[in-house]
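The structure file entry-v9.cif is reproduced below (mmCIF, C-alpha atoms and all ligand atoms).
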data_coords
#
loop_
_atom_site.label_atom_id
_atom_site.label_comp_id
_atom_site.auth_asym_id
_atom_site.auth_seq_id
_atom_site.Cartn_x
_atom_site.Cartn_y
_atom_site.Cartn_z
CA MET A 1 63.78 3.89 -67.18
CA ASN A 2 60.62 2.59 -68.83
CA SER A 3 60.43 -1.05 -69.81
CA GLN A 4 60.41 -0.43 -73.58
CA ASP A 5 63.70 1.44 -73.34
CA PHE A 6 65.18 -1.22 -71.10
CA GLN A 7 64.16 -3.87 -73.59
CA LEU A 8 65.57 -1.86 -76.48
CA PHE A 9 69.01 -1.54 -74.85
CA GLY A 10 68.91 -5.13 -73.57
CA ASP A 11 68.17 -6.45 -77.06
CA ILE A 12 70.99 -4.45 -78.64
CA VAL A 13 73.50 -5.70 -76.12
CA ARG A 14 72.32 -9.31 -76.23
CA THR A 15 72.16 -9.69 -79.98
CA ARG A 16 75.50 -7.99 -80.52
CA SER A 17 77.59 -9.48 -77.70
CA GLY A 18 75.63 -12.30 -76.11
CA LEU A 19 75.54 -10.39 -72.84
CA VAL A 20 72.28 -10.93 -70.99
CA LEU A 21 70.89 -8.00 -69.00
CA THR A 22 68.32 -9.08 -66.46
CA GLU A 23 65.86 -6.67 -64.84
CA GLU A 24 68.04 -6.25 -61.78
CA LYS A 25 70.72 -4.78 -64.06
CA VAL A 26 68.66 -1.60 -64.65
CA TYR A 27 70.92 0.25 -62.28
CA LEU A 28 74.04 -0.90 -64.13
CA LEU A 29 72.52 0.06 -67.44
CA GLU A 30 71.71 3.54 -66.18
CA SER A 31 75.08 4.13 -64.59
CA ARG A 32 76.93 3.10 -67.74
CA LEU A 33 74.70 4.62 -70.42
CA VAL A 34 74.00 8.02 -68.89
CA PRO A 35 77.66 9.13 -69.30
CA LEU A 36 77.56 7.84 -72.89
CA ALA A 37 74.38 9.84 -73.61
CA ARG A 38 75.97 12.96 -72.07
CA ARG A 39 79.10 12.57 -74.19
CA ARG A 40 76.86 12.61 -77.21
CA GLY A 41 75.11 15.75 -76.01
CA MET A 42 71.91 14.09 -74.81
CA ASP A 43 70.30 14.70 -71.44
CA SER A 44 68.65 11.40 -70.70
CA LEU A 45 68.31 7.76 -71.58
CA GLU A 46 64.95 8.49 -73.19
CA ASP A 47 66.79 10.74 -75.65
CA LEU A 48 69.38 8.04 -76.23
CA ALA A 49 66.67 5.45 -76.87
CA GLU A 50 64.94 7.84 -79.25
CA GLU A 51 68.20 8.40 -81.13
CA VAL A 52 68.72 4.64 -81.41
CA ARG A 53 65.21 4.05 -82.72
CA ARG A 54 65.53 6.83 -85.26
CA HIS A 55 68.97 6.14 -86.73
CA ARG A 56 70.28 2.74 -85.58
CA ASP A 57 73.74 4.13 -86.11
CA GLU A 58 76.28 1.27 -86.05
CA ARG A 59 78.86 3.17 -84.03
CA LEU A 60 76.36 4.15 -81.41
CA LEU A 61 75.13 0.57 -81.11
CA SER A 62 78.72 -0.65 -80.65
CA GLU A 63 79.40 2.01 -78.04
CA ILE A 64 76.30 0.99 -76.11
CA THR A 65 77.37 -2.65 -76.24
CA GLU A 66 80.93 -1.90 -75.17
CA ALA A 67 79.72 0.29 -72.33
CA MET A 68 77.79 -2.66 -70.91
CA THR A 69 80.66 -5.17 -70.93
CA THR A 70 82.62 -5.90 -67.78
CA ASN A 71 86.34 -5.61 -68.39
CA GLU A 72 87.63 -6.57 -64.97
CA THR A 73 90.81 -8.59 -65.26
CA PHE A 74 94.23 -8.93 -63.71
CA PHE A 75 97.62 -10.52 -64.24
CA PHE A 76 97.84 -14.30 -63.65
CA ARG A 77 94.18 -14.29 -62.61
CA ASP A 78 93.48 -17.22 -60.26
CA ASN A 79 97.13 -18.37 -60.59
CA LYS A 80 96.21 -22.05 -60.84
CA PRO A 81 95.36 -22.12 -64.58
CA PHE A 82 98.74 -20.61 -65.34
CA ASP A 83 100.45 -23.21 -63.14
CA ILE A 84 98.58 -25.96 -64.98
CA PHE A 85 99.54 -24.42 -68.30
CA ARG A 86 103.23 -24.30 -67.33
CA GLU A 87 103.47 -27.62 -65.52
CA VAL A 88 101.07 -29.89 -67.41
CA VAL A 89 99.89 -28.53 -70.75
CA LEU A 90 103.07 -26.92 -72.04
CA PRO A 91 105.41 -29.88 -71.36
CA GLN A 92 102.99 -32.20 -73.20
CA LEU A 93 102.70 -29.90 -76.16
CA LEU A 94 106.48 -29.49 -76.33
CA GLU A 95 106.59 -33.26 -76.58
CA THR A 96 103.78 -33.85 -79.07
CA ARG A 97 104.67 -30.88 -81.28
CA ARG A 98 108.42 -31.42 -81.28
CA ALA A 99 108.48 -32.13 -85.00
CA GLN A 100 106.61 -28.97 -86.06
CA LYS A 101 108.05 -26.81 -83.29
CA SER A 102 105.08 -24.55 -83.48
CA LEU A 103 102.44 -23.54 -80.99
CA ARG A 104 99.33 -21.41 -81.44
CA ILE A 105 97.53 -19.93 -78.46
CA TRP A 106 94.28 -18.00 -78.55
CA ASN A 107 93.17 -15.71 -75.77
CA ALA A 108 89.50 -15.00 -76.45
CA ALA A 109 88.05 -12.00 -74.57
CA CYS A 110 91.45 -10.67 -73.53
CA SER A 111 90.10 -7.39 -72.11
CA THR A 112 92.92 -4.92 -71.30
CA GLY A 113 95.72 -7.39 -71.99
CA GLN A 114 96.73 -8.69 -68.58
CA GLU A 115 95.83 -12.27 -69.50
CA PRO A 116 97.70 -12.57 -72.85
CA TYR A 117 100.70 -10.74 -71.39
CA SER A 118 100.72 -13.14 -68.43
CA LEU A 119 100.92 -15.98 -70.95
CA ALA A 120 103.65 -14.18 -72.89
CA MET A 121 105.77 -13.60 -69.77
CA LEU A 122 105.26 -17.20 -68.72
CA LEU A 123 106.44 -18.40 -72.14
CA LYS A 124 109.39 -16.01 -72.07
CA GLU A 125 110.42 -17.51 -68.74
CA GLU A 126 110.29 -20.97 -70.32
CA ALA A 127 112.15 -19.82 -73.45
CA ALA A 128 115.16 -22.03 -72.73
CA LYS A 129 113.03 -25.11 -73.41
CA MET A 130 111.64 -23.63 -76.60
CA ALA A 131 114.63 -22.63 -78.66
CA GLY A 132 113.71 -22.62 -82.35
CA TRP A 133 109.97 -22.78 -81.65
CA ARG A 134 107.46 -20.52 -83.32
CA VAL A 135 104.89 -19.40 -80.78
CA GLU A 136 101.92 -17.29 -81.64
CA ILE A 137 99.64 -15.67 -79.11
CA MET A 138 96.48 -14.25 -80.63
CA ALA A 139 94.40 -12.09 -78.30
CA THR A 140 90.93 -10.89 -79.22
CA ASP A 141 88.04 -8.95 -77.72
CA ILE A 142 84.82 -7.34 -78.89
CA SER A 143 85.79 -3.91 -77.57
CA ASP A 144 88.19 -1.65 -79.48
CA GLU A 145 88.72 0.43 -76.39
CA VAL A 146 90.24 -2.44 -74.36
CA LEU A 147 92.23 -3.57 -77.40
CA GLU A 148 93.83 -0.13 -77.68
CA LYS A 149 94.78 -0.26 -74.03
CA SER A 150 96.15 -3.78 -74.50
CA LYS A 151 98.37 -2.71 -77.37
CA ALA A 152 99.80 0.21 -75.41
CA GLY A 153 100.64 -2.16 -72.57
CA LEU A 154 100.43 0.72 -70.07
CA TYR A 155 99.14 -0.10 -66.61
CA SER A 156 98.45 1.89 -63.46
CA GLN A 157 100.20 1.25 -60.17
CA PHE A 158 97.03 -0.44 -58.97
CA GLU A 159 96.86 -2.75 -62.01
CA VAL A 160 100.48 -3.91 -61.83
CA GLN A 161 99.98 -4.82 -58.19
CA ARG A 162 97.15 -7.23 -58.86
CA GLY A 163 98.58 -10.66 -59.62
CA LEU A 164 101.92 -9.68 -61.10
CA PRO A 165 104.86 -11.10 -59.11
CA ILE A 166 107.35 -8.34 -58.31
CA GLN A 167 110.22 -10.29 -59.89
CA LEU A 168 108.38 -10.30 -63.23
CA MET A 169 107.51 -6.64 -62.92
CA VAL A 170 111.15 -5.73 -62.40
CA LYS A 171 112.15 -7.90 -65.31
CA TYR A 172 109.53 -6.97 -67.88
CA PHE A 173 108.19 -3.49 -67.06
CA GLN A 174 109.42 0.07 -67.30
CA GLN A 175 108.21 3.03 -65.34
CA VAL A 176 106.64 5.72 -67.54
CA GLY A 177 105.65 8.63 -65.30
CA GLU A 178 102.91 7.33 -63.02
CA MET A 179 102.35 4.30 -65.23
CA TRP A 180 104.11 1.02 -65.88
CA GLN A 181 104.66 -0.24 -69.41
CA ILE A 182 105.33 -3.81 -70.41
CA ASP A 183 108.47 -4.32 -72.52
CA SER A 184 108.24 -4.19 -76.28
CA SER A 185 109.74 -7.70 -76.39
CA ILE A 186 106.65 -9.02 -74.57
CA ARG A 187 104.25 -6.81 -76.50
CA ALA A 188 105.67 -8.18 -79.75
CA MET A 189 104.71 -11.71 -78.70
CA VAL A 190 100.97 -10.93 -78.73
CA LYS A 191 98.82 -10.11 -81.76
CA PHE A 192 95.64 -8.20 -80.90
CA GLN A 193 92.53 -8.24 -83.04
CA ASN A 194 88.86 -7.37 -82.71
CA LYS A 195 86.71 -10.50 -82.70
CA ASN A 196 83.14 -11.01 -81.56
CA LEU A 197 82.68 -14.52 -80.16
CA LEU A 198 79.20 -14.65 -81.68
CA GLU A 199 80.62 -14.33 -85.17
CA ASP A 200 82.18 -17.03 -87.32
CA LEU A 201 85.47 -18.01 -85.72
CA SER A 202 86.74 -20.42 -88.36
CA ASN A 203 88.96 -17.84 -90.08
CA LEU A 204 91.19 -17.66 -86.99
CA GLY A 205 92.78 -21.02 -87.82
CA LYS A 206 93.51 -23.90 -85.44
CA PHE A 207 94.84 -23.49 -81.92
CA ASP A 208 96.67 -25.77 -79.51
CA VAL A 209 95.60 -23.84 -76.43
CA ILE A 210 92.60 -21.59 -75.89
CA PHE A 211 92.05 -19.32 -72.90
CA CYS A 212 88.40 -18.24 -72.89
CA ARG A 213 87.86 -17.10 -69.34
CA ASN A 214 85.23 -15.05 -67.58
CA VAL A 215 83.20 -14.18 -70.63
CA LEU A 216 80.84 -17.15 -71.15
CA ILE A 217 79.54 -16.42 -67.68
CA TYR A 218 77.70 -13.38 -69.06
CA PHE A 219 75.92 -15.35 -71.81
CA ASP A 220 72.70 -17.33 -71.73
CA GLN A 221 72.78 -21.10 -72.16
CA PRO A 222 72.11 -21.31 -75.94
CA THR A 223 74.78 -18.68 -76.61
CA LYS A 224 77.29 -20.54 -74.43
CA SER A 225 76.63 -23.77 -76.37
CA LYS A 226 76.93 -22.02 -79.68
CA VAL A 227 80.23 -20.37 -78.81
CA LEU A 228 81.69 -23.55 -77.31
CA SER A 229 80.84 -25.67 -80.33
CA GLN A 230 82.49 -23.06 -82.56
CA VAL A 231 85.52 -23.07 -80.28
CA HIS A 232 85.63 -26.84 -80.57
CA LYS A 233 86.00 -26.57 -84.34
CA ILE A 234 89.17 -24.50 -84.06
CA ILE A 235 90.96 -26.32 -81.23
CA ALA A 236 93.41 -29.10 -82.01
CA SER A 237 91.97 -32.50 -81.14
CA ASP A 238 94.58 -32.84 -78.38
CA GLY A 239 94.44 -29.17 -77.37
CA ALA A 240 93.51 -27.61 -74.05
CA LEU A 241 90.67 -25.19 -73.35
CA PHE A 242 90.85 -23.03 -70.21
CA LEU A 243 87.64 -21.59 -68.81
CA GLY A 244 87.07 -19.24 -65.86
CA GLY A 245 86.59 -20.41 -62.28
CA ALA A 246 82.77 -20.18 -62.46
CA GLU A 247 82.43 -21.63 -65.96
CA THR A 248 82.03 -25.16 -67.25
CA VAL A 249 81.15 -27.14 -70.38
CA LEU A 250 79.10 -29.64 -68.38
CA GLY A 251 75.52 -29.73 -69.53
CA ILE A 252 76.29 -27.11 -72.17
CA CYS A 253 78.52 -28.69 -74.77
CA ASP A 254 79.33 -32.38 -75.24
CA ASP A 255 82.28 -31.71 -77.52
CA PHE A 256 84.55 -31.10 -74.53
CA LYS A 257 85.25 -33.03 -71.38
CA PRO A 258 87.00 -31.88 -68.22
CA VAL A 259 90.60 -32.92 -67.74
CA GLU A 260 90.62 -34.95 -64.58
CA GLY A 261 92.52 -33.39 -61.71
CA GLN A 262 93.03 -30.10 -63.57
CA ARG A 263 90.27 -27.73 -62.62
CA GLY A 264 89.05 -25.36 -65.31
CA VAL A 265 90.79 -27.24 -68.13
CA TYR A 266 88.89 -29.04 -70.88
CA THR A 267 89.88 -31.09 -73.86
CA SER A 268 88.17 -32.55 -76.87
CA ALA A 269 85.81 -35.36 -75.94
CA ILE A 270 86.99 -37.48 -78.83
CA ASN A 271 90.73 -37.33 -78.59
CA GLY A 272 92.12 -35.19 -75.76
CA MET A 273 95.74 -35.90 -74.93
CA LEU A 274 95.41 -34.52 -71.46
CA ALA A 275 92.90 -37.11 -70.36
CA LYS A 276 95.65 -39.59 -69.64
CA THR A 277 97.36 -37.31 -67.09
CA GLY A 278 94.26 -37.66 -64.86
CA MET B 1 97.16 -19.06 -36.77
CA PRO B 2 99.97 -17.56 -38.89
CA SER B 3 101.57 -14.41 -37.50
CA CYS B 4 102.30 -11.12 -39.25
CA LEU B 5 104.56 -8.38 -37.95
CA ILE B 6 103.49 -4.95 -39.21
CA VAL B 7 106.39 -2.49 -39.20
CA ASP B 8 105.43 1.12 -39.91
CA ASP B 9 105.98 4.41 -38.08
CA SER B 10 102.45 5.55 -38.95
CA LYS B 11 99.86 4.46 -36.44
CA VAL B 12 97.12 4.88 -39.04
CA VAL B 13 98.83 2.62 -41.58
CA ARG B 14 99.40 -0.02 -38.89
CA MET B 15 95.75 0.14 -37.95
CA VAL B 16 94.48 -0.17 -41.54
CA ALA B 17 96.84 -3.05 -42.28
CA ARG B 18 95.92 -4.76 -39.02
CA ARG B 19 92.22 -4.68 -39.90
CA ILE B 20 92.77 -6.24 -43.29
CA LEU B 21 95.20 -8.88 -42.03
CA GLU B 22 93.07 -9.84 -39.06
CA ASP B 23 90.26 -10.54 -41.51
CA LEU B 24 92.71 -12.80 -43.34
CA LYS B 25 93.20 -14.67 -40.04
CA PHE B 26 96.65 -13.45 -39.10
CA GLY B 27 97.78 -12.93 -35.52
CA ILE B 28 99.23 -9.40 -35.51
CA VAL B 29 102.31 -7.94 -33.88
CA GLU B 30 103.24 -4.28 -34.47
CA ALA B 31 106.50 -2.35 -34.43
CA GLU B 32 107.10 1.34 -35.19
CA ASP B 33 110.68 1.14 -36.49
CA GLY B 34 113.29 -1.35 -37.69
CA LYS B 35 115.02 -1.59 -34.35
CA SER B 36 111.96 -2.60 -32.36
CA ALA B 37 110.97 -4.92 -35.22
CA LEU B 38 114.32 -6.72 -34.83
CA ASP B 39 113.76 -7.03 -31.09
CA SER B 40 110.35 -8.49 -31.76
CA CYS B 41 111.78 -10.98 -34.29
CA LEU B 42 114.49 -12.12 -31.89
CA GLU B 43 111.82 -12.82 -29.34
CA GLU B 44 109.64 -14.68 -31.81
CA MET B 45 110.05 -14.96 -35.59
CA PRO B 46 106.79 -14.08 -37.36
CA ASP B 47 105.64 -15.92 -40.50
CA VAL B 48 105.20 -12.73 -42.50
CA ILE B 49 106.55 -9.19 -42.18
CA LEU B 50 104.84 -6.18 -43.77
CA LEU B 51 107.60 -3.60 -43.90
CA ASP B 52 107.71 0.18 -44.40
CA TRP B 53 110.88 1.74 -45.84
CA ASN B 54 111.31 5.17 -44.27
CA MET B 55 111.22 5.02 -40.49
CA PRO B 56 113.16 6.69 -37.65
CA VAL B 57 115.87 4.83 -35.66
CA MET B 58 116.30 2.04 -38.25
CA ASN B 59 114.77 2.02 -41.73
CA GLY B 60 113.19 -0.95 -43.47
CA ILE B 61 116.04 -1.89 -45.79
CA ASP B 62 118.62 -1.92 -42.96
CA PHE B 63 116.22 -3.97 -40.88
CA LEU B 64 115.79 -6.48 -43.71
CA ARG B 65 119.54 -6.89 -44.31
CA THR B 66 120.14 -7.44 -40.60
CA LEU B 67 117.19 -9.83 -40.34
CA ARG B 68 118.34 -12.01 -43.24
CA LYS B 69 121.75 -12.45 -41.53
CA SER B 70 120.24 -13.39 -38.17
CA GLN B 71 119.51 -16.86 -36.91
CA GLY B 72 116.15 -17.94 -38.36
CA GLY B 73 115.86 -14.63 -40.20
CA GLU B 74 115.79 -16.34 -43.58
CA ASP B 75 112.37 -17.78 -42.84
CA PRO B 76 109.81 -14.97 -42.68
CA VAL B 77 108.19 -13.86 -45.90
CA VAL B 78 108.96 -10.14 -46.17
CA ILE B 79 106.65 -7.82 -48.10
CA PHE B 80 107.69 -4.21 -48.42
CA CYS B 81 104.88 -1.67 -48.19
CA THR B 82 106.13 1.78 -48.97
CA THR B 83 105.71 5.06 -50.88
CA GLU B 84 109.09 4.42 -52.53
CA ASN B 85 107.63 3.39 -55.86
CA ASP B 86 110.51 3.49 -58.32
CA MET B 87 112.43 0.66 -59.95
CA ALA B 88 115.71 1.44 -58.15
CA HIS B 89 114.15 0.99 -54.72
CA ILE B 90 112.29 -2.15 -55.79
CA ARG B 91 115.48 -3.74 -57.11
CA GLU B 92 117.34 -2.82 -53.93
CA ALA B 93 114.59 -4.41 -51.83
CA ILE B 94 114.65 -7.64 -53.83
CA SER B 95 118.42 -7.96 -53.61
CA ALA B 96 118.19 -7.39 -49.84
CA GLY B 97 115.86 -10.39 -49.66
CA ALA B 98 112.33 -9.02 -49.97
CA ASN B 99 109.77 -11.50 -51.32
CA GLU B 100 107.20 -8.98 -52.53
CA TYR B 101 106.69 -5.26 -52.79
CA ILE B 102 103.59 -3.14 -52.29
CA MET B 103 103.55 0.46 -53.46
CA LYS B 104 101.40 2.71 -51.29
CA PRO B 105 98.59 3.60 -51.33
CA PHE B 106 97.42 0.04 -50.84
CA ASP B 107 93.98 -1.43 -50.32
CA ARG B 108 92.46 -4.76 -49.38
CA ALA B 109 92.60 -6.11 -52.97
CA ILE B 110 96.31 -5.42 -53.26
CA ILE B 111 97.16 -6.90 -49.86
CA GLU B 112 95.16 -10.01 -50.67
CA ALA B 113 96.70 -10.35 -54.12
CA LYS B 114 100.26 -9.99 -52.84
CA PHE B 115 99.79 -12.27 -49.84
CA SER B 116 98.27 -14.98 -51.99
CA GLN B 117 101.03 -14.61 -54.57
CA VAL B 118 103.72 -15.44 -52.02
CA GLY B 119 101.58 -18.32 -50.81
CA VAL B 120 100.84 -17.18 -47.26
CA ILE B 121 97.06 -17.12 -47.77
C1 LIG A 301 85.56 -9.93 -67.45
S1 LIG A 301 86.52 -9.72 -68.93
C2 LIG A 301 87.54 -11.15 -68.87
C3 LIG A 301 88.98 -10.86 -69.20
C4 LIG A 301 89.94 -12.03 -69.06
N1 LIG A 301 89.62 -13.11 -69.96
C5 LIG A 301 89.98 -12.53 -67.63
O1 LIG A 301 89.49 -13.63 -67.38
O2 LIG A 301 90.49 -11.84 -66.75
C6 LIG A 301 85.30 -10.05 -70.19
C7 LIG A 301 85.67 -9.55 -71.57
O3 LIG A 301 84.82 -10.16 -72.53
C8 LIG A 301 84.61 -9.26 -73.60
N2 LIG A 301 83.41 -9.68 -74.33
C9 LIG A 301 82.11 -9.61 -73.97
N3 LIG A 301 81.31 -10.10 -74.92
C10 LIG A 301 82.11 -10.52 -75.93
C11 LIG A 301 81.90 -11.12 -77.20
N4 LIG A 301 80.66 -11.39 -77.62
N5 LIG A 301 82.96 -11.39 -77.97
C12 LIG A 301 84.22 -11.12 -77.56
N6 LIG A 301 84.49 -10.56 -76.37
C13 LIG A 301 83.45 -10.26 -75.56
C14 LIG A 301 84.48 -7.92 -72.89
O4 LIG A 301 84.75 -6.84 -73.78
C15 LIG A 301 85.52 -8.06 -71.78
O5 LIG A 301 86.75 -7.49 -72.14
#
For the file at hand, write its structure as structure tokens.
Amino acid sequence: MNSQDFQLFGDIVRTRSGLVLTEEKVYLLESRLVPLARRRGMDSLEDLAEEVRRHRDERLLSEITEAMTTNETFFFRDNKPFDIFREVVLPQLLETRRAQKSLRIWNAACSTGQEPYSLAMLLKEEAAKMAGWRVEIMATDISDEVLEKSKAGLYSQFEVQRGLPIQLMVKYFQQVGEMWQIDSSIRAMVKFQNKNLLEDLSNLGKFDVIFCRNVLIYFDQPTKSKVLSQVHKIIASDGALFLGGAETVLGICDDFKPVEGQRGVYTSAINGMLAKTG
Amino acid sequence: MPSCLIVDDSKVVRMVARRILEDLKFGIVEAEDGKSALDSCLEEMPDVILLDWNMPVMNGIDFLRTLRKSQGGEDPVVIFCTTENDMAHIREAISAGANEYIMKPFDRAIIEAKFSQVGVI
């Protein structure tokens, strides 16, 4: 691929999603965009680039962006954050929110749904402690394709074997041919919506808990800061932010500080209830 | 080094599983049916058992029920690994005392995920 075309595709993807494609990603770009070009009846990436330059068709630009995102995910990814949520964050929120009896959770960049459904199953398992509570799980992603898959809640044999304890699978899944579908009772707990993290997030409302994992890692530093400061505006002052294993706020955004002793969890630098658990 | 007993009548499956589990730092013992697996357990209880369902002489579920009634047989973590991939079999395995369940075909990612889920790696 020539460097003008690489730059063209790189710019589209970066400005629309925040995803940074470095030169060594040429191979990835080719392997993902060639099938897209073929589907649209074009023979090569030069043709695709030409088409983009000529029409700048919104749908095509979105498809290019979506094709370049990494959607890898699995149930209860890394385990530990979910343990911390169940054992530390949730008990505190049940205490501090006992008057309102309401909890709002946002799963940003939810990919194919394993992460929000893990949270939903976890909450279902804790339901005895939450009688009369209103719990909302909002799950968003930039890609309509993964959101469709999320809503269907249908997973392959391979997917249900990554991270999902067998006891939960037996309890909350049904076999549908070769696939496994998560119960409608769990699906009903999660609201899916398309949301680009680079856009204004303020219309989502305030959240007590935010899971934003394994997406900032693909952004450059200024984009990370921008997204995190937006996230800060919509998290409760005593809320908890969960980032991925290779992500941090340190040196990127002063609005958050790490919760001592709880890896991957951050809270507002000003108020943060979790700080005292240290 | 933790030990894992691989019980499967297929030599190929035992070999593939052995390779993956040796990389995960398990000491490996093999058995080709439930009966010889029981003999092996009576000699020395392993920490983990990777267990096929359909085998000659004694199948996996009968082995598991017998194991869980034997002295010290409550201890090993038992992970089924079988082509029986329907809910009825999975439920039966859990009620017989299985800790996890792998549906074949398996690969390294699945073995690692399941072993870490039950806390043995
Ligand atoms: C690797 S997945 C992470 C999924 C899940 N959070 C996890 O940790 O397993 C990254 C997801 O981020 C989404 N994504 C990428 N850029 C985005 C953006 N600008 N806004 C919202 N989602 C984005 C991708 O579509 C993809 O589904």
Could you give me, as a Markdown table, a per-residue list for chain B showing, wherever an atom lies at most 8 Å from an atom of chain A, the closest pair of atoms and their distance in Å to one decimal, using only C-alpha atoms and sorting by chain then residue number from low to high?
| residue | atom | partner | partner_atom | distance |
| --- | --- | --- | --- | --- |
| B:Asp86 | CA | A:Gln175 | CA | 7.4 |
| B:Met87 | CA | A:Val170 | CA | 7.0 |
| B:Ile90 | CA | A:Val170 | CA | 7.6 |
| B:Arg91 | CA | A:Val170 | CA | 7.1 |
| B:Ile94 | CA | A:Gln167 | CA | 8.0 |
| B:Glu100 | CA | A:Ile166 | CA | 5.8 |
| B:Tyr101 | CA | A:Ile166 | CA | 6.4 |
| B:Ile102 | CA | A:Gln161 | CA | 7.1 |
| B:Met103 | CA | A:Gln157 | CA | 7.5 |
| B:Ala109 | CA | A:Arg162 | CA | 7.5 |
| B:Ile110 | CA | A:Arg162 | CA | 5.9 |
| B:Ala113 | CA | A:Arg162 | CA | 5.7 |
| B:Lys114 | CA | A:Gly163 | CA | 7.0 |
| B:Gln117 | CA | A:Gly163 | CA | 6.9 |
Non-local contacts of Leu38 of chain B (7 Å; all atoms listed in the file; under 4 positions in same chain excluded) as a ChimeraX atom specification: /B:34,42,63,67
Using only C-alpha atoms, determine which residues lie at most 10 Å from segment 183-199 of chain A, disregarding the query and same-chain residues fewer than 6 positions distant; provide the list as a ChimeraX atom specification. /A:15-18,105-110,113,116-121,123-124,135-144,146-148,150-154,169,171-174,212,215-216,223-224,226-228,230-231
How many Å separate atom N1 of ligand LIG 301 (chain A) from atom CA of Phe106 of chain B? 24.5 Å
Near-Phe26 of chain B list (10 Å; only C-alpha atoms; drop same-chain fewer than 3 positions) as a list in words: Met1, Pro2, Ser3, Cys4, Leu5, Arg18, Arg19, Ile20, Leu21, Glu22, Asp23, Val29, Asp47, Val48, Val120 and Ile121 of chain B
Record the distance separating atom CA of Gly205 of chain A and atom CA of Lys80 of chain A, expressed in Å with one decimal.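 These two atoms are separated by 27.2 Å.
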When you count all atoms listed in the file, which of these residues is closest to ligand LIG 301 (chain A): A:Ser44, A:Thr73, A:Thr65, A:Ser31?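 Selected residue with least distance to ligand LIG 301 (chain A): A:Thr73.
Between atom CA of Ala88 of chain B and atom CA of Gln181 of chain A there is a distance of 15.9 Å.
Using all atoms listed in the file, the residues found no farther than 7 Å from segment 8-16 of chain B, other than those of its own chain fewer than 4 positions away, are Ile20, Ala31, Glu32, Asp33, Leu51, Asp52 and Met55 of chain B.
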Could you turn the residues from that selection into a file that holds C-alpha atoms, as a PDB file, in the frame of the given file?
ATOM      1  CA  ILE B  20      92.770  -6.240 -43.290  1.00  0.00           C
ATOM      2  CA  ALA B  31     106.500  -2.350 -34.430  1.00  0.00           C
ATOM      3  CA  GLU B  32     107.100   1.340 -35.190  1.00  0.00           C
ATOM      4  CA  ASP B  33     110.680   1.140 -36.490  1.00  0.00           C
ATOM      5  CA  LEU B  51     107.600  -3.600 -43.900  1.00  0.00           C
ATOM      6  CA  ASP B  52     107.710   0.180 -44.400  1.00  0.00           C
ATOM      7  CA  MET B  55     111.220   5.020 -40.490  1.00  0.00           C
TER       8      MET B  55
END
Find the residues near Glu74 of chain B: any atom within 12 Å, counting all atoms listed in the file, skip ones fewer than 4 places away on the same chain, and give them as a PDB file with C-alpha atoms, keeping the file's coordinate frame.
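Written out: selection16.pdb:
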ATOM      1  CA  CYS B  41     111.780 -10.980 -34.290  1.00  0.00           C
ATOM      2  CA  MET B  45     110.050 -14.960 -35.590  1.00  0.00           C
ATOM      3  CA  PRO B  46     106.790 -14.080 -37.360  1.00  0.00           C
ATOM      4  CA  ASP B  47     105.640 -15.920 -40.500  1.00  0.00           C
ATOM      5  CA  VAL B  48     105.200 -12.730 -42.500  1.00  0.00           C
ATOM      6  CA  ILE B  49     106.550  -9.190 -42.180  1.00  0.00           C
ATOM      7  CA  LEU B  64     115.790  -6.480 -43.710  1.00  0.00           C
ATOM      8  CA  ARG B  65     119.540  -6.890 -44.310  1.00  0.00           C
ATOM      9  CA  THR B  66     120.140  -7.440 -40.600  1.00  0.00           C
ATOM     10  CA  LEU B  67     117.190  -9.830 -40.340  1.00  0.00           C
ATOM     11  CA  ARG B  68     118.340 -12.010 -43.240  1.00  0.00           C
ATOM     12  CA  LYS B  69     121.750 -12.450 -41.530  1.00  0.00           C
ATOM     13  CA  SER B  70     120.240 -13.390 -38.170  1.00  0.00           C
ATOM     14  CA  VAL B  78     108.960 -10.140 -46.170  1.00  0.00           C
ATOM     15  CA  ALA B  96     118.190  -7.390 -49.840  1.00  0.00           C
ATOM     16  CA  GLY B  97     115.860 -10.390 -49.660  1.00  0.00           C
ATOM     17  CA  ALA B  98     112.330  -9.020 -49.970  1.00  0.00           C
ATOM     18  CA  ASN B  99     109.770 -11.500 -51.320  1.00  0.00           C
TER      19      ASN B  99
END
So, with all atoms listed in the file as the atoms that count, which of A:Asp5, A:Glu125, A:Asp220, A:Asp43 lies closest to ligand LIG 301 (chain A)? A:Asp220
Using only C-alpha atoms, collect all residues at a distance of at most 8 Å from (92.8, -30.2, -79.1) as written in the file, then present them as a PyMOL selection string. chain A and resi 207-209+235-241+267-268+271-273
With distances taken over only C-alpha atoms and all ligand atoms, the candidate from A:Leu90, A:Val52, A:Val20, A:Ile84 nearest ligand LIG 301 (chain A) is A:Val20
